[in-house]
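K.L.:
Right, I'll just put the structure down here and ask away after.
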Amino acid sequence: MMMSAVKLNSGVSAPIGSPGGATTGRVMINEPQYIGSWNIRGLLQQGKLCQIEREMERCNIKILGLSETHQRDKGHFKTSGGNQIICSGNGTNSRNGVAVIVDKRWSHSIIEYIAVNDRIIVVKLNSTPNKLNLIQVYAPTSAAEEEEIDEFYNILAEIVSHLPKSEVTIIQGDFNAKVGADCTETNITGKFGLGVRNRRGEKLIEFCQSTSMVITNTLFKHHPKRLYTWTSPNGEYKNQIDYCLIPSRWKSNIENIKTRLSADCGSDHQLLVTKLRIHLKNCKRPQHKTSQHINSKKEWERFETILQKKLKHEDTINNWSDLKQVFRTTKNEVIKERPRNQKNNCWFSKETVDLIEQRR
């Protein structure tokens, strides 16, 4: 599999340029952020990109993945609105195509992107508390051969396997599959899918099983009009075929996902918006107990008394290890007798303090 990775902080020229120059900042994904996915059915029409950017701004979307752009080239450019758009086409014809639009306030956080082919593109952002990998896809339709479907998921699985598990990875786009309302795979789907699962849906479930992904669309209860993502030309059929996947370890960080019916760009697909927020537990560092020492005359006297009794009646001391164990257990017995509310913060004894006061 040939992939072109472009690092923003790399000084080496690459087939695909480096948008935004060197990375200078981070995106805060521990605050609620909105990420969108939209099959736009072509980006070549005049004014189409401007309309999409207006909807992106209106819906407060910081990253918008696009499927079926029909653009041939791989590369990036800055839009008239100042946003950064990264494209991946097949280089020969206006078929398929995927792209990602990054808000101008986030463009400085792009680390690199990988234009895989005309169906998959990967963008990595320097976000905090974890880096964010966004994979935008456009899966083959139901008319495609089985070999083409298998190749698509094999490439996608290989990409996921090379991404660090400590980074947040989101796979979204038009999968041309129906997982349906069947929720037998409780670790993959929720209770709120739509319709009946088809063969392409089975393929998607198999991919999620092999990569430990969760289909987040099915996790939230919404009105069906907020769940379906595609409408037939005559309006008779409505299906859920666009999805957002995330590794199971991160699924609790998806706070909501639904379609925005008011968004319009002349497509038969609905804009799918994910609300993402990373929740990390505050892990307290383990407090290492410092060894307590005998530090008063009274404790030393008690230590000597107990030790003498033990040595007098102890017949099993044959070497230094045995003797050391007797010393240790005796010390612990003396310290255990110390009142619990007594703090052992001072490294010298009270008698020493009294002597210091006498010399003043």
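Residue numbers start at 1 in each chain; chains themselves are named A, B, ... in the order of the structure tokens; ligands are numbered from 1 in the order shown.
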With only C-alpha atoms as the counted atoms, please give the residues lying no more than 8 Å from Tyr34 in chain A, apart from itself and same-chain residues fewer than 6 positions off, as JSON, numbers by chain.
P.N.:
{"A": [60, 61, 62, 63, 273, 274, 275, 276]}
K.L.:
Selection from above, C-alpha atoms, as a PDB file, in the first residue's frame, can you write it?
P.N.:
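Done, and the output landed in part11.pdb:
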ATOM      1  CA  ASN A  60     -19.725  25.592  14.811  1.00  0.00           C
ATOM      2  CA  ILE A  61     -17.867  22.672  13.206  1.00  0.00           C
ATOM      3  CA  LYS A  62     -14.083  22.805  13.573  1.00  0.00           C
ATOM      4  CA  ILE A  63     -13.263  19.846  11.302  1.00  0.00           C
ATOM      5  CA  VAL A 273     -22.162  16.109  13.517  1.00  0.00           C
ATOM      6  CA  THR A 274     -20.252  14.522  16.408  1.00  0.00           C
ATOM      7  CA  LYS A 275     -19.752  16.234  19.760  1.00  0.00           C
ATOM      8  CA  LEU A 276     -16.378  15.147  21.100  1.00  0.00           C
TER       9      LEU A 276
END
K.L.:
Counting only C-alpha atoms, what is within 12 Å of Val160 in chain A, bar same-chain residues fewer than 3 positions away, as a list in words?
P.N.:
Ile120, Val122, Asn133, Leu134, Ile135, Tyr153, Asn154, Ile155, Leu156, Ala157, Leu163, Pro164, Lys165, Glu167, Val168, Thr169, Ile170, Ile171, Phe207, Cys208, Ser210, Thr211, Ser212, Met213, Leu245, Ile246 and Pro247 of chain A
K.L.:
Pick from A:Lys298, A:Asn30, A:Asn90, A:Asp182: nearest to His279 in chain A, with only C-alpha atoms counted?
P.N.:
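Residue with the minimum atom-to-atom distance to His279 in chain A: A:Asn30.
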K.L.:
Restricting the calculation to only C-alpha atoms, which member of A:Gly266, A:Gly195, A:Gly201, A:Gly173 is positioned closest to Tyr237 in chain A?
P.N.:
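Using only C-alpha atoms, the shortest distance to Tyr237 in chain A belongs to A:Gly195.
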